[in-house]
Amino acid sequence: MTRRLAEVAKKVGVSEATVSRVLNGKPGVSEATRQAVLSALDVLGYERPTQLRGERARLVGLVLPELQNPIFPAFAEVIGGALAQLGLTSVLCTQTKGGVSEADYVELLLQQQVSGVVFAGGLYAQADAPHEHYRRLADRNIPVVLVNAGIAHLGFPSVSCDDAVAMEQAWRHLASLGHERIGLVLGPSDHVPSARKLAAARAVAGGLPEEFAARAIFSIEGGQAAASKLIDRGVTGFICASDPLALGVVRAARRRGLDVPSRISVVGYDDSALMNCTEPPLTTVRQPIESMGKAAVELLSAQIAGSAVPADELLFEPELVVRGSTAQAPRD
């Protein structure tokens, strides 16, 4: 008990006596300090005293699929900051290969009695993945918001960048540069945002040869492998479902001795950190991360406050950012 008091007191920046008063339900402690002590208990992994367990913690789970793609730390920064302004503490849950699964994180967050959960990328975006853990959250009436497109009928509100508009912007840009053989590097076949991008490409192009759409895992290596196949098929303009995939295309082109952008043009997606510092700087479609992250927190806080929030999708407009990785199509 003494060790617990000391750790919590240090975490909050108050005396052990103050922590003791909170844990024993004694008066003389401000509500802000009381909530800070309870949040510190949750963060440090200590159980709340029995008489305090009925309250949900001022914690919000922020579940991300990875941190290697810079877009996810960017979302975490915006969402975490917006939550902090509301007096909520974000608990970052990042999946790693062979590590804790998304379902395991949901179980841990339920044990911590979190006030809500924000998923920014995850299994909800994969049609063939298991989704039972989302039902557990719904059954417990835990407020949830999804960032970016997911499968239908989960019953949660979501904020998404408009994949169709993003694809139209990228496609028309490459077409205006004279590219006739445009290829796509997308995520797995059951990935909902990638499926939306593919449908939009077919619509804007009036049809797309199947061999011009390659699937890949979301990584530089995945993009490189997919691009090698498309280069063999004569593709000169590439539209990618993420910036790391686009960097993989650039790498594949260089391994073939093909210059970017004079021989191969590449468009990414996200406009994540440092894409203006690559060589060449990456042309990409920017997601409005700030607006999307703040909207996600607004939807979550409304649910936490008891308001009914419809399970609708808020679509945000992307923006094409033209840099040095696209140019006129080669003439030979």
# chains A, B, ... in the order shown; residues from 1 in each chain; ligands from 1
$ closest_atom_pairs --of "stretch 215-298 of chain A" --to "stretch 158-181 of chain A" --cutoff "8 Å" --atoms "only C-alpha atoms" --output "Markdown table"
| residue | atom | partner | partner_atom | distance |
| --- | --- | --- | --- | --- |
| A:Gly234 | CA | A:Arg181 | CA | 6.8 |
| A:Val235 | CA | A:Arg181 | CA | 4.9 |
| A:Thr236 | CA | A:Arg181 | CA | 5.9 |
| A:Gly237 | CA | A:His179 | CA | 6.0 |
| A:Ile239 | CA | A:Ala170 | CA | 6.7 |
| A:Ser265 | CA | A:Leu174 | CA | 7.8 |
| A:Val267 | CA | A:Ala170 | CA | 6.7 |
| A:Thr284 | CA | A:Ala170 | CA | 7.9 |
| A:Val285 | CA | A:Ala166 | CA | 6.3 |
| A:Gln287 | CA | A:Cys161 | CA | 6.2 |
| A:Pro288 | CA | A:Cys161 | CA | 7.5 |
| A:Met292 | CA | A:Val159 | CA | 6.2 |
| A:Ala295 | CA | A:Val159 | CA | 7.2 |
| A:Ala296 | CA | A:Val159 | CA | 6.3 |
$ closest_atom_pairs --of "stretch 29-49 of chain A" --to "stretch 105-125 of chain A" --cutoff "12 Å" --atoms "only C-alpha atoms" --output "Markdown table"
| residue | atom | partner | partner_atom | distance |
| --- | --- | --- | --- | --- |
| A:Leu38 | CA | A:Gln112 | CA | 11.0 |
| A:Ser39 | CA | A:Val114 | CA | 9.9 |
| A:Ala40 | CA | A:Gln112 | CA | 11.5 |
| A:Leu41 | CA | A:Gln112 | CA | 9.7 |
| A:Asp42 | CA | A:Gln112 | CA | 6.3 |
| A:Val43 | CA | A:Gln112 | CA | 8.6 |
| A:Leu44 | CA | A:Gln112 | CA | 10.5 |
| A:Gly45 | CA | A:Gln112 | CA | 8.0 |
| A:Tyr46 | CA | A:Gln112 | CA | 9.3 |
| A:Glu47 | CA | A:Gln112 | CA | 8.3 |
| A:Arg48 | CA | A:Gln112 | CA | 9.4 |
$ residues_around --residues "A:Gly13" --least-positions-apart "5" --cutoff "12 Å" --atoms "only C-alpha atoms" --output "PyMOL selection string"
chain A and resi 5-8+18-19+33+36-37+40
$ select_by_dssp --residues "stretch 12-226 of chain A" --states "strand (DSSP E)" --output "ChimeraX atom specification"
/A:59-64,89-94,116-120,144-147,158-161,182-186,213-215
$ closest_residue --among "A:Glu279, A:Glu132, A:Asp259, A:Asp271" --to "A:Cys240" --atoms "only C-alpha atoms"
A:Asp271
$ residues_around --residues "A:Glu298" --least-positions-apart "2" --cutoff "10 Å" --atoms "only C-alpha atoms" --output "PDB file with N, CA, C and O atoms, in the first residue's frame"
ATOM      1  N   ILE A  79      -5.193  13.398 -31.581  1.00  0.00           N
ATOM      2  CA  ILE A  79      -6.262  12.839 -30.739  1.00  0.00           C
ATOM      3  C   ILE A  79      -5.897  12.923 -29.268  1.00  0.00           C
ATOM      4  O   ILE A  79      -6.719  13.311 -28.433  1.00  0.00           O
ATOM      5  N   ALA A  82      -6.281  16.544 -28.074  1.00  0.00           N
ATOM      6  CA  ALA A  82      -7.682  16.943 -27.945  1.00  0.00           C
ATOM      7  C   ALA A  82      -8.328  16.289 -26.729  1.00  0.00           C
ATOM      8  O   ALA A  82      -9.147  16.915 -26.035  1.00  0.00           O
ATOM      9  N   LEU A  83      -7.968  15.050 -26.452  1.00  0.00           N
ATOM     10  CA  LEU A  83      -8.502  14.370 -25.264  1.00  0.00           C
ATOM     11  C   LEU A  83      -8.006  15.049 -23.989  1.00  0.00           C
ATOM     12  O   LEU A  83      -8.769  15.232 -23.028  1.00  0.00           O
ATOM     13  N   LEU A  86      -9.868  17.898 -22.714  1.00  0.00           N
ATOM     14  CA  LEU A  86     -11.142  17.541 -22.080  1.00  0.00           C
ATOM     15  C   LEU A  86     -10.943  16.849 -20.734  1.00  0.00           C
ATOM     16  O   LEU A  86     -11.899  16.350 -20.142  1.00  0.00           O
ATOM     17  N   VAL A 145     -15.221   5.401 -31.536  1.00  0.00           N
ATOM     18  CA  VAL A 145     -15.165   6.120 -32.808  1.00  0.00           C
ATOM     19  C   VAL A 145     -14.080   5.464 -33.657  1.00  0.00           C
ATOM     20  O   VAL A 145     -13.005   5.116 -33.155  1.00  0.00           O
ATOM     21  N   MET A 292      -9.745  15.713 -38.790  1.00  0.00           N
ATOM     22  CA  MET A 292     -10.298  14.382 -38.557  1.00  0.00           C
ATOM     23  C   MET A 292     -10.108  13.944 -37.107  1.00  0.00           C
ATOM     24  O   MET A 292     -11.025  13.404 -36.480  1.00  0.00           O
ATOM     25  N   GLY A 293      -8.915  14.184 -36.571  1.00  0.00           N
ATOM     26  CA  GLY A 293      -8.650  13.789 -35.188  1.00  0.00           C
ATOM     27  C   GLY A 293      -9.529  14.524 -34.202  1.00  0.00           C
ATOM     28  O   GLY A 293     -10.076  13.921 -33.257  1.00  0.00           O
ATOM     29  N   LYS A 294      -9.689  15.826 -34.407  1.00  0.00           N
ATOM     30  CA  LYS A 294     -10.532  16.610 -33.495  1.00  0.00           C
ATOM     31  C   LYS A 294     -11.999  16.208 -33.621  1.00  0.00           C
ATOM     32  O   LYS A 294     -12.727  16.165 -32.615  1.00  0.00           O
ATOM     33  N   ALA A 295     -12.436  15.899 -34.827  1.00  0.00           N
ATOM     34  CA  ALA A 295     -13.822  15.461 -35.016  1.00  0.00           C
ATOM     35  C   ALA A 295     -14.065  14.133 -34.314  1.00  0.00           C
ATOM     36  O   ALA A 295     -15.123  13.913 -33.720  1.00  0.00           O
ATOM     37  N   ALA A 296     -13.071  13.238 -34.367  1.00  0.00           N
ATOM     38  CA  ALA A 296     -13.197  11.949 -33.690  1.00  0.00           C
ATOM     39  C   ALA A 296     -13.370  12.132 -32.185  1.00  0.00           C
ATOM     40  O   ALA A 296     -14.205  11.477 -31.544  1.00  0.00           O
ATOM     41  N   LEU A 300     -16.570  11.261 -29.747  1.00  0.00           N
ATOM     42  CA  LEU A 300     -16.386  10.418 -28.565  1.00  0.00           C
ATOM     43  C   LEU A 300     -16.868  11.126 -27.305  1.00  0.00           C
ATOM     44  O   LEU A 300     -17.575  10.529 -26.477  1.00  0.00           O
ATOM     45  N   SER A 301     -16.496  12.397 -27.152  1.00  0.00           N
ATOM     46  CA  SER A 301     -16.874  13.123 -25.935  1.00  0.00           C
ATOM     47  C   SER A 301     -18.384  13.290 -25.845  1.00  0.00           C
ATOM     48  O   SER A 301     -18.953  13.268 -24.748  1.00  0.00           O
ATOM     49  N   ALA A 302     -19.048  13.446 -26.986  1.00  0.00           N
ATOM     50  CA  ALA A 302     -20.509  13.539 -26.980  1.00  0.00           C
ATOM     51  C   ALA A 302     -21.124  12.245 -26.460  1.00  0.00           C
ATOM     52  O   ALA A 302     -22.081  12.265 -25.666  1.00  0.00           O
ATOM     53  N   GLN A 303     -20.569  11.114 -26.878  1.00  0.00           N
ATOM     54  CA  GLN A 303     -21.067   9.829 -26.382  1.00  0.00           C
ATOM     55  C   GLN A 303     -20.791   9.667 -24.887  1.00  0.00           C
ATOM     56  O   GLN A 303     -21.645   9.186 -24.140  1.00  0.00           O
ATOM     57  N   ILE A 304     -19.600  10.066 -24.462  1.00  0.00           N
ATOM     58  CA  ILE A 304     -19.251   9.958 -23.039  1.00  0.00           C
ATOM     59  C   ILE A 304     -20.205  10.795 -22.194  1.00  0.00           C
ATOM     60  O   ILE A 304     -20.590  10.420 -21.082  1.00  0.00           O
TER      61      ILE A 304
END
$ residues_around --residues "A:Leu282" --least-positions-apart "2" --cutoff "7 Å" --atoms "only C-alpha atoms" --output "compact mmCIF listing (two decimals) with C-alpha atoms, in the first residue's frame"
# COMPACT_ATOMS: atom_id res chain seq x y z
CA VAL A 267 1.65 9.58 -56.01
CA GLY A 268 1.32 8.62 -52.33
CA MET A 275 7.34 13.34 -47.29
CA ASN A 276 8.53 16.78 -48.39
CA THR A 278 12.35 12.56 -49.52
CA PRO A 280 12.44 13.45 -54.79
CA THR A 284 0.78 12.76 -52.33
CA ARG A 323 5.87 17.84 -55.38
CA GLY A 324 8.77 16.33 -57.28
CA SER A 325 7.84 12.67 -57.74
$ select_by_dssp --residues "stretch 63-212 of chain A" --states "alpha helix (DSSP H)" --output "ChimeraX atom specification"
/A:71-85,102-111,132-139,163-176,192-205
$ decode --residues "stretch 96-224 of chain A" --atoms "C-alpha atoms" --output "tab-separated table (two decimals), in the first residue's frame"
chain	number	residue	atom	x	y	z
A	96	THR	CA	3.21	-5.47	-33.00
A	97	LYS	CA	3.88	-8.68	-34.88
A	98	GLY	CA	3.58	-11.55	-32.44
A	99	GLY	CA	2.58	-9.13	-29.68
A	100	VAL	CA	-0.69	-8.13	-28.06
A	101	SER	CA	-3.64	-8.42	-30.44
A	102	GLU	CA	-6.36	-5.86	-30.98
A	103	ALA	CA	-8.84	-8.13	-29.19
A	104	ASP	CA	-6.44	-8.46	-26.23
A	105	TYR	CA	-6.12	-4.69	-26.02
A	106	VAL	CA	-9.91	-4.37	-25.97
A	107	GLU	CA	-10.04	-6.80	-23.05
A	108	LEU	CA	-7.39	-4.83	-21.16
A	109	LEU	CA	-9.19	-1.55	-21.78
A	110	LEU	CA	-12.46	-3.01	-20.54
A	111	GLN	CA	-10.71	-4.15	-17.37
A	112	GLN	CA	-9.48	-0.59	-16.87
A	113	GLN	CA	-13.07	0.69	-17.22
A	114	VAL	CA	-12.13	3.17	-19.92
A	115	SER	CA	-14.54	5.92	-20.85
A	116	GLY	CA	-14.20	5.19	-24.56
A	117	VAL	CA	-12.01	3.88	-27.37
A	118	VAL	CA	-10.75	5.44	-30.61
A	119	PHE	CA	-9.51	3.08	-33.31
A	120	ALA	CA	-7.29	4.72	-35.93
A	121	GLY	CA	-6.78	1.92	-38.42
A	122	GLY	CA	-7.41	-1.66	-37.42
A	123	LEU	CA	-9.26	-4.87	-38.09
A	124	TYR	CA	-12.54	-3.02	-38.66
A	125	ALA	CA	-11.08	-1.98	-42.04
A	126	GLN	CA	-10.52	-5.62	-43.07
A	127	ALA	CA	-13.64	-7.50	-44.14
A	128	ASP	CA	-12.15	-10.96	-43.53
A	129	ALA	CA	-10.67	-10.22	-40.09
A	130	PRO	CA	-12.30	-11.19	-36.76
A	131	HIS	CA	-14.62	-8.51	-35.38
A	132	GLU	CA	-16.07	-10.07	-32.23
A	133	HIS	CA	-14.18	-7.71	-29.92
A	134	TYR	CA	-16.02	-4.73	-31.40
A	135	ARG	CA	-19.29	-6.39	-30.44
A	136	ARG	CA	-18.03	-6.68	-26.87
A	137	LEU	CA	-17.55	-2.92	-26.75
A	138	ALA	CA	-21.01	-2.32	-28.18
A	139	ASP	CA	-22.60	-4.73	-25.70
A	140	ARG	CA	-20.96	-2.85	-22.81
A	141	ASN	CA	-22.13	0.51	-24.24
A	142	ILE	CA	-18.56	1.78	-24.45
A	143	PRO	CA	-18.30	4.91	-26.64
A	144	VAL	CA	-16.28	4.11	-29.77
A	145	VAL	CA	-15.17	6.12	-32.81
A	146	LEU	CA	-13.42	4.73	-35.88
A	147	VAL	CA	-10.94	6.74	-37.94
A	148	ASN	CA	-11.13	5.90	-41.65
A	149	ALA	CA	-13.42	3.53	-43.48
A	150	GLY	CA	-14.48	0.21	-41.99
A	151	ILE	CA	-16.87	-2.58	-42.73
A	152	ALA	CA	-20.58	-1.83	-42.59
A	153	HIS	CA	-22.93	-2.62	-39.71
A	154	LEU	CA	-20.48	-2.28	-36.78
A	155	GLY	CA	-22.74	0.44	-35.42
A	156	PHE	CA	-20.03	2.99	-34.54
A	157	PRO	CA	-19.60	6.56	-35.81
A	158	SER	CA	-16.53	7.15	-37.95
A	159	VAL	CA	-14.50	9.92	-39.52
A	160	SER	CA	-12.90	9.20	-42.89
A	161	CYS	CA	-10.98	10.85	-45.67
A	162	ASP	CA	-12.94	10.53	-48.91
A	163	ASP	CA	-11.12	7.73	-50.75
A	164	ALA	CA	-13.05	8.32	-53.97
A	165	VAL	CA	-12.09	12.01	-54.15
A	166	ALA	CA	-8.48	11.15	-53.27
A	167	MET	CA	-8.28	8.69	-56.14
A	168	GLU	CA	-9.92	11.10	-58.57
A	169	GLN	CA	-7.43	13.83	-57.68
A	170	ALA	CA	-4.42	11.53	-58.09
A	171	TRP	CA	-5.68	9.94	-61.31
A	172	ARG	CA	-6.54	13.22	-63.02
A	173	HIS	CA	-3.15	14.63	-62.03
A	174	LEU	CA	-1.27	11.76	-63.68
A	175	ALA	CA	-3.57	11.80	-66.71
A	176	SER	CA	-2.97	15.53	-67.16
A	177	LEU	CA	0.75	14.74	-67.33
A	178	GLY	CA	0.14	12.36	-70.22
A	179	HIS	CA	0.33	9.05	-68.35
A	180	GLU	CA	-1.84	6.44	-70.07
A	181	ARG	CA	-0.66	3.34	-68.23
A	182	ILE	CA	-1.57	4.15	-64.63
A	183	GLY	CA	-1.31	1.47	-61.98
A	184	LEU	CA	-2.48	1.16	-58.39
A	185	VAL	CA	-0.59	-0.19	-55.38
A	186	LEU	CA	-3.27	-1.00	-52.82
A	187	GLY	CA	-3.64	-2.82	-49.52
A	188	PRO	CA	-5.02	-6.38	-49.16
A	189	SER	CA	-8.12	-7.36	-51.12
A	190	ASP	CA	-10.39	-7.19	-48.04
A	191	HIS	CA	-9.12	-3.71	-47.02
A	192	VAL	CA	-12.13	-1.38	-47.23
A	193	PRO	CA	-10.34	1.94	-48.02
A	194	SER	CA	-8.35	0.18	-50.77
A	195	ALA	CA	-11.56	-1.28	-52.21
A	196	ARG	CA	-13.04	2.22	-52.31
A	197	LYS	CA	-9.97	3.56	-54.08
A	198	LEU	CA	-10.11	0.76	-56.64
A	199	ALA	CA	-13.79	1.40	-57.36
A	200	ALA	CA	-13.10	5.12	-57.78
A	201	ALA	CA	-10.21	4.43	-60.15
A	202	ARG	CA	-12.40	2.22	-62.31
A	203	ALA	CA	-15.04	4.92	-62.38
A	204	VAL	CA	-12.74	7.80	-63.31
A	205	ALA	CA	-10.81	5.73	-65.87
A	206	GLY	CA	-13.86	4.13	-67.41
A	207	GLY	CA	-12.43	0.73	-66.55
A	208	LEU	CA	-9.07	-0.51	-65.30
A	209	PRO	CA	-7.20	-3.64	-66.43
A	210	GLU	CA	-7.00	-6.10	-63.53
A	211	GLU	CA	-3.25	-6.48	-64.02
A	212	PHE	CA	-2.80	-2.75	-63.32
A	213	ALA	CA	-3.95	-3.10	-59.70
A	214	ALA	CA	-1.42	-4.73	-57.36
A	215	ARG	CA	-2.00	-5.72	-53.73
A	216	ALA	CA	0.59	-5.33	-50.98
A	217	ILE	CA	1.10	-5.23	-47.25
A	218	PHE	CA	1.37	-1.66	-46.00
A	219	SER	CA	5.14	-1.20	-45.95
A	220	ILE	CA	8.01	0.05	-48.11
A	221	GLU	CA	8.91	-3.56	-48.89
A	222	GLY	CA	5.34	-4.33	-49.89
A	223	GLY	CA	5.27	-1.35	-52.22
A	224	GLN	CA	8.57	-2.34	-53.78
